[in-house]
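Before any comments, here is the structure.
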Amino acid sequence: MIVGLTYDLRPEPVSGTGHDDPPDAYAEFDAPGTVEAVAGAIRAVGHEVVPLGNFPKVLAALDTLRVDLVFNIAEGVGGRSRESQIPMLLEARGIPCVGADALSLGISLDKVVAKQVFMADGIPTPRFFVVRDAAALTASPLPFPLIVKPRHEGSSKSLSDKSLVRSLGALKAQAEWLIRTYRQPALVEQFIAGTEFTVAVIGNDPPEALPVVQVEIDGRTDLGDLFYTFSRINAPGLTYRCPAKISPAAEAELRRLAVRAYEAIECRDFGRVDFRVDGQGRPYVLEINPLPSLSTEDVFTPIAERLGVSHQAMIQRILNVAIARCHLNLKDPCPTPSR
Ligand SMILES: Nc1ncnc2c1ncn2[C@@H]1O[C@H](COP(=O)(O)OP(=O)(O)OP(=O)(O)O)[C@@H](O)[C@H]1O
Ligand SMILES: [Mg+2]
């Protein structure tokens, strides 16, 4: 099989963004090592890999693409549909693609839309409101403490200790800065003090939740008010623990909710659901990532260790569920997920 690989490399200059971008503007993009890890995993099971690169390159080559399947890890550039750009092109050309389709990617990148889907499906998520004009805010609709996040970013972009606000003045100042710097509305959520987990899901009909990973910051799993800021992402104080320090019942509940969130958004092949759990043990879905990082530095490595397999084997499992879903050996068109 010939497998195309689409990706956005971190150092690659990209058009469409201004010169005054914040320092975390390209935080979602992949390091060359991640692209190599994915390519190596595909080659190791005997497929040919064709590196296709980012959206402008795929667009330019679209009419001459000769691939059976595309493994897409490109994050895209632009607004809240940026992750959908490549899957949409491939769908329009009938080329099967590993991972979620354009609609699921668009829904989940806009955290407000994703939360509305979760709420409609009875999946717990922190209460929230949206701020478009910070100056017009005269009172907070929710009690403090609150966290101020961008509506459609990932990789903890914009998050710093200032994101946790305890007064109307601090909320207005942080929301004003975020709206101006990231050119999008602010999502303001009830801050969940407690513990934090992330659950990867692989597969279709049925999807399977993998062992729960716990976030440890500065040696603490009982995080209280600590949270995952942009400056902590690659800092030594952040550790992913697998197995998580929780009861079997709590582990089962997080895995059950992860699959429900995955099915609510109609993800395919793989994804990752982030949770906070409050002091009373109540879990809240923060977000779903239908295109989670496959970096060897990220959560798939401790999960692989827990399962006694290699990181490469995890990528091959994702590839194999996509091949099975698309019935590629039968040369059928790639179906949408059955519900
Ligand atoms: N409502 C909340 N209560 C407590 N902490 C929160 C809340 N929302 C976000 N956080 C903290 O901020 C981090 C990033 O938030 P979130 O997962 O929503 O955004 P992201 O930038 O898309 O994440 P990622 O880095 O996984 O791409 C969380 O991992 C968590 O530590
Ligand atoms: Mg997250």
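Residue numbering restarts at 1 in every chain; chains get A, B, ... in the order shown in the structure tokens, and ligands count up from 1 in that same order.
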Quick one: DSSP strand (DSSP E) residues in region 129-288 of chain A, as a PyMOL selection string?
-> chain A and resi 129-131+146-150+164-165+186-190+194-202+208-209+213-217+238-241+270-278+283-288
Got a sec: who's within 9 Å of Tyr262 (chain A), counting only C-alpha atoms, leaving out chain neighbours fewer than 2 positions off, as a PDB file with N, CA, C and O atoms, in the first residue's frame?
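And here's selection.pdb as it stands now:
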```
ATOM      1  N   VAL A 201      -8.155   7.015  23.008  1.00  0.00           N
ATOM      2  CA  VAL A 201      -9.138   6.058  22.486  1.00  0.00           C
ATOM      3  C   VAL A 201      -8.647   5.638  21.111  1.00  0.00           C
ATOM      4  O   VAL A 201      -8.190   6.472  20.327  1.00  0.00           O
ATOM      5  N   PRO A 207     -15.069   1.665  19.644  1.00  0.00           N
ATOM      6  CA  PRO A 207     -13.781   2.264  20.034  1.00  0.00           C
ATOM      7  C   PRO A 207     -13.353   1.733  21.403  1.00  0.00           C
ATOM      8  O   PRO A 207     -14.204   1.382  22.213  1.00  0.00           O
ATOM      9  N   LEU A 257     -16.464   7.497  29.929  1.00  0.00           N
ATOM     10  CA  LEU A 257     -16.781   8.859  29.472  1.00  0.00           C
ATOM     11  C   LEU A 257     -15.958   9.233  28.239  1.00  0.00           C
ATOM     12  O   LEU A 257     -16.435   9.956  27.359  1.00  0.00           O
ATOM     13  N   ALA A 258     -14.719   8.757  28.183  1.00  0.00           N
ATOM     14  CA  ALA A 258     -13.869   9.062  27.019  1.00  0.00           C
ATOM     15  C   ALA A 258     -14.498   8.484  25.751  1.00  0.00           C
ATOM     16  O   ALA A 258     -14.570   9.155  24.711  1.00  0.00           O
ATOM     17  N   VAL A 259     -14.980   7.266  25.844  1.00  0.00           N
ATOM     18  CA  VAL A 259     -15.614   6.648  24.667  1.00  0.00           C
ATOM     19  C   VAL A 259     -16.906   7.388  24.313  1.00  0.00           C
ATOM     20  O   VAL A 259     -17.198   7.630  23.132  1.00  0.00           O
ATOM     21  N   ARG A 260     -17.654   7.817  25.338  1.00  0.00           N
ATOM     22  CA  ARG A 260     -18.891   8.567  25.049  1.00  0.00           C
ATOM     23  C   ARG A 260     -18.580   9.882  24.329  1.00  0.00           C
ATOM     24  O   ARG A 260     -19.273  10.280  23.392  1.00  0.00           O
ATOM     25  N   ALA A 264     -19.718  10.909  20.677  1.00  0.00           N
ATOM     26  CA  ALA A 264     -20.561  12.100  20.523  1.00  0.00           C
ATOM     27  C   ALA A 264     -20.066  12.965  19.361  1.00  0.00           C
ATOM     28  O   ALA A 264     -20.847  13.551  18.622  1.00  0.00           O
ATOM     29  N   ILE A 265     -18.736  13.044  19.216  1.00  0.00           N
ATOM     30  CA  ILE A 265     -18.147  13.876  18.156  1.00  0.00           C
ATOM     31  C   ILE A 265     -17.973  13.070  16.866  1.00  0.00           C
ATOM     32  O   ILE A 265     -17.585  13.599  15.837  1.00  0.00           O
ATOM     33  N   GLU A 266     -18.274  11.770  16.939  1.00  0.00           N
ATOM     34  CA  GLU A 266     -18.076  10.848  15.810  1.00  0.00           C
ATOM     35  C   GLU A 266     -16.633  10.824  15.342  1.00  0.00           C
ATOM     36  O   GLU A 266     -16.328  10.988  14.149  1.00  0.00           O
ATOM     37  N   CYS A 267     -15.718  10.680  16.305  1.00  0.00           N
ATOM     38  CA  CYS A 267     -14.303  10.529  15.958  1.00  0.00           C
ATOM     39  C   CYS A 267     -14.089   9.189  15.249  1.00  0.00           C
ATOM     40  O   CYS A 267     -14.948   8.303  15.305  1.00  0.00           O
ATOM     41  N   ARG A 268     -12.926   9.070  14.620  1.00  0.00           N
ATOM     42  CA  ARG A 268     -12.575   7.817  13.953  1.00  0.00           C
ATOM     43  C   ARG A 268     -11.125   7.466  14.266  1.00  0.00           C
ATOM     44  O   ARG A 268     -10.275   8.354  14.366  1.00  0.00           O
ATOM     45  N   PHE A 270      -8.620   7.236  16.124  1.00  0.00           N
ATOM     46  CA  PHE A 270      -7.940   7.552  17.380  1.00  0.00           C
ATOM     47  C   PHE A 270      -8.322   8.944  17.863  1.00  0.00           C
ATOM     48  O   PHE A 270      -8.832   9.762  17.094  1.00  0.00           O
ATOM     49  N   GLY A 271      -8.092   9.165  19.142  1.00  0.00           N
ATOM     50  CA  GLY A 271      -8.401  10.467  19.733  1.00  0.00           C
ATOM     51  C   GLY A 271      -7.926  10.465  21.176  1.00  0.00           C
ATOM     52  O   GLY A 271      -7.394   9.462  21.672  1.00  0.00           O
ATOM     53  N   ARG A 272      -8.124  11.587  21.850  1.00  0.00           N
ATOM     54  CA  ARG A 272      -7.701  11.696  23.254  1.00  0.00           C
ATOM     55  C   ARG A 272      -8.636  12.675  23.952  1.00  0.00           C
ATOM     56  O   ARG A 272      -8.938  13.744  23.416  1.00  0.00           O
ATOM     57  N   VAL A 273      -9.101  12.292  25.128  1.00  0.00           N
ATOM     58  CA  VAL A 273     -10.051  13.126  25.859  1.00  0.00           C
ATOM     59  C   VAL A 273      -9.393  13.581  27.155  1.00  0.00           C
ATOM     60  O   VAL A 273      -8.847  12.765  27.906  1.00  0.00           O
ATOM     61  N   ILE A 288     -11.920  17.321  23.658  1.00  0.00           N
ATOM     62  CA  ILE A 288     -11.519  16.117  22.929  1.00  0.00           C
ATOM     63  C   ILE A 288     -10.554  16.518  21.832  1.00  0.00           C
ATOM     64  O   ILE A 288     -10.728  17.563  21.193  1.00  0.00           O
ATOM     65  N   PRO A 290      -9.288  15.033  18.440  1.00  0.00           N
ATOM     66  CA  PRO A 290      -9.377  13.960  17.448  1.00  0.00           C
ATOM     67  C   PRO A 290      -8.045  13.763  16.725  1.00  0.00           C
ATOM     68  O   PRO A 290      -7.878  12.782  15.999  1.00  0.00           O
TER      69      PRO A 290
END
```
Just want the residues within 7 Å of ligand 1, written as a PDB file with N, CA and C atoms, in the first residue's frame, counting only C-alpha atoms and all ligand atoms.
```
ATOM      1  N   PRO A 126     -17.148  21.452  32.252  1.00  0.00           N
ATOM      2  CA  PRO A 126     -17.295  22.627  33.117  1.00  0.00           C
ATOM      3  C   PRO A 126     -18.263  23.666  32.535  1.00  0.00           C
ATOM      4  N   ILE A 147     -11.323  30.004  34.618  1.00  0.00           N
ATOM      5  CA  ILE A 147     -10.129  29.945  33.762  1.00  0.00           C
ATOM      6  C   ILE A 147     -10.487  30.536  32.402  1.00  0.00           C
ATOM      7  N   GLU A 153      -7.965  26.990  20.190  1.00  0.00           N
ATOM      8  CA  GLU A 153      -6.528  26.700  20.121  1.00  0.00           C
ATOM      9  C   GLU A 153      -6.264  25.392  20.850  1.00  0.00           C
ATOM     10  N   GLY A 154      -5.037  24.869  20.710  1.00  0.00           N
ATOM     11  CA  GLY A 154      -4.634  23.671  21.446  1.00  0.00           C
ATOM     12  C   GLY A 154      -3.251  23.894  22.032  1.00  0.00           C
ATOM     13  N   SER A 155      -2.625  22.802  22.491  1.00  0.00           N
ATOM     14  CA  SER A 155      -1.257  22.851  23.009  1.00  0.00           C
ATOM     15  C   SER A 155      -1.084  23.875  24.124  1.00  0.00           C
ATOM     16  N   SER A 156      -2.136  24.095  24.900  1.00  0.00           N
ATOM     17  CA  SER A 156      -2.110  25.041  26.037  1.00  0.00           C
ATOM     18  C   SER A 156      -1.704  26.454  25.628  1.00  0.00           C
ATOM     19  N   LYS A 157      -1.969  26.807  24.371  1.00  0.00           N
ATOM     20  CA  LYS A 157      -1.641  28.162  23.904  1.00  0.00           C
ATOM     21  C   LYS A 157      -2.360  29.197  24.764  1.00  0.00           C
ATOM     22  N   LEU A 159      -2.077  29.863  27.781  1.00  0.00           N
ATOM     23  CA  LEU A 159      -2.298  29.559  29.206  1.00  0.00           C
ATOM     24  C   LEU A 159      -1.058  29.880  30.051  1.00  0.00           C
ATOM     25  N   GLU A 189     -14.292  29.329  31.724  1.00  0.00           N
ATOM     26  CA  GLU A 189     -14.869  28.121  32.345  1.00  0.00           C
ATOM     27  C   GLU A 189     -14.712  28.154  33.847  1.00  0.00           C
ATOM     28  N   GLN A 190     -15.632  27.478  34.500  1.00  0.00           N
ATOM     29  CA  GLN A 190     -15.511  27.161  35.910  1.00  0.00           C
ATOM     30  C   GLN A 190     -14.170  26.422  36.090  1.00  0.00           C
ATOM     31  N   PHE A 191     -13.318  26.894  37.025  1.00  0.00           N
ATOM     32  CA  PHE A 191     -12.026  26.238  37.237  1.00  0.00           C
ATOM     33  C   PHE A 191     -12.221  25.015  38.129  1.00  0.00           C
ATOM     34  N   ILE A 192     -11.766  23.857  37.646  1.00  0.00           N
ATOM     35  CA  ILE A 192     -11.932  22.603  38.396  1.00  0.00           C
ATOM     36  C   ILE A 192     -10.623  22.307  39.137  1.00  0.00           C
ATOM     37  N   ALA A 193     -10.616  22.579  40.431  1.00  0.00           N
ATOM     38  CA  ALA A 193      -9.441  22.245  41.244  1.00  0.00           C
ATOM     39  C   ALA A 193      -9.498  20.755  41.544  1.00  0.00           C
ATOM     40  N   GLU A 196      -6.008  15.665  37.318  1.00  0.00           N
ATOM     41  CA  GLU A 196      -6.167  15.775  35.860  1.00  0.00           C
ATOM     42  C   GLU A 196      -5.739  14.476  35.178  1.00  0.00           C
ATOM     43  N   PHE A 227      -2.277  23.890  37.071  1.00  0.00           N
ATOM     44  CA  PHE A 227      -2.770  23.401  35.785  1.00  0.00           C
ATOM     45  C   PHE A 227      -1.655  23.509  34.765  1.00  0.00           C
ATOM     46  N   TYR A 228      -1.983  23.014  33.581  1.00  0.00           N
ATOM     47  CA  TYR A 228      -1.044  22.773  32.516  1.00  0.00           C
ATOM     48  C   TYR A 228      -0.892  24.068  31.693  1.00  0.00           C
ATOM     49  N   THR A 229       0.137  24.839  31.953  1.00  0.00           N
ATOM     50  CA  THR A 229       0.328  26.085  31.199  1.00  0.00           C
ATOM     51  C   THR A 229       1.283  25.841  30.032  1.00  0.00           C
ATOM     52  N   ASP A 274      -9.429  14.906  27.413  1.00  0.00           N
ATOM     53  CA  ASP A 274      -8.798  15.481  28.613  1.00  0.00           C
ATOM     54  C   ASP A 274      -9.851  15.726  29.689  1.00  0.00           C
ATOM     55  N   ARG A 276     -10.614  16.967  33.997  1.00  0.00           N
ATOM     56  CA  ARG A 276     -10.279  17.326  35.374  1.00  0.00           C
ATOM     57  C   ARG A 276     -11.303  16.617  36.252  1.00  0.00           C
ATOM     58  N   LEU A 286     -12.782  18.273  29.611  1.00  0.00           N
ATOM     59  CA  LEU A 286     -12.326  19.617  29.213  1.00  0.00           C
ATOM     60  C   LEU A 286     -12.399  19.767  27.708  1.00  0.00           C
ATOM     61  N   GLU A 287     -11.964  18.719  26.998  1.00  0.00           N
ATOM     62  CA  GLU A 287     -11.946  18.816  25.535  1.00  0.00           C
ATOM     63  C   GLU A 287     -11.655  17.450  24.958  1.00  0.00           C
TER      64      GLU A 287
END
```
Who sits within 12 Å of Ala139 (chain A), only C-alpha atoms, same chain under 2 positions skipped, as number ranges by chain | A: 129, 131, 134-137, 141-144, 167-172
Residue set, region 177-337 of chain A restricted to alpha helix (DSSP H), as a VMD selection string | chain A and resid 177 to 182 248 to 264 300 to 307 311 to 325
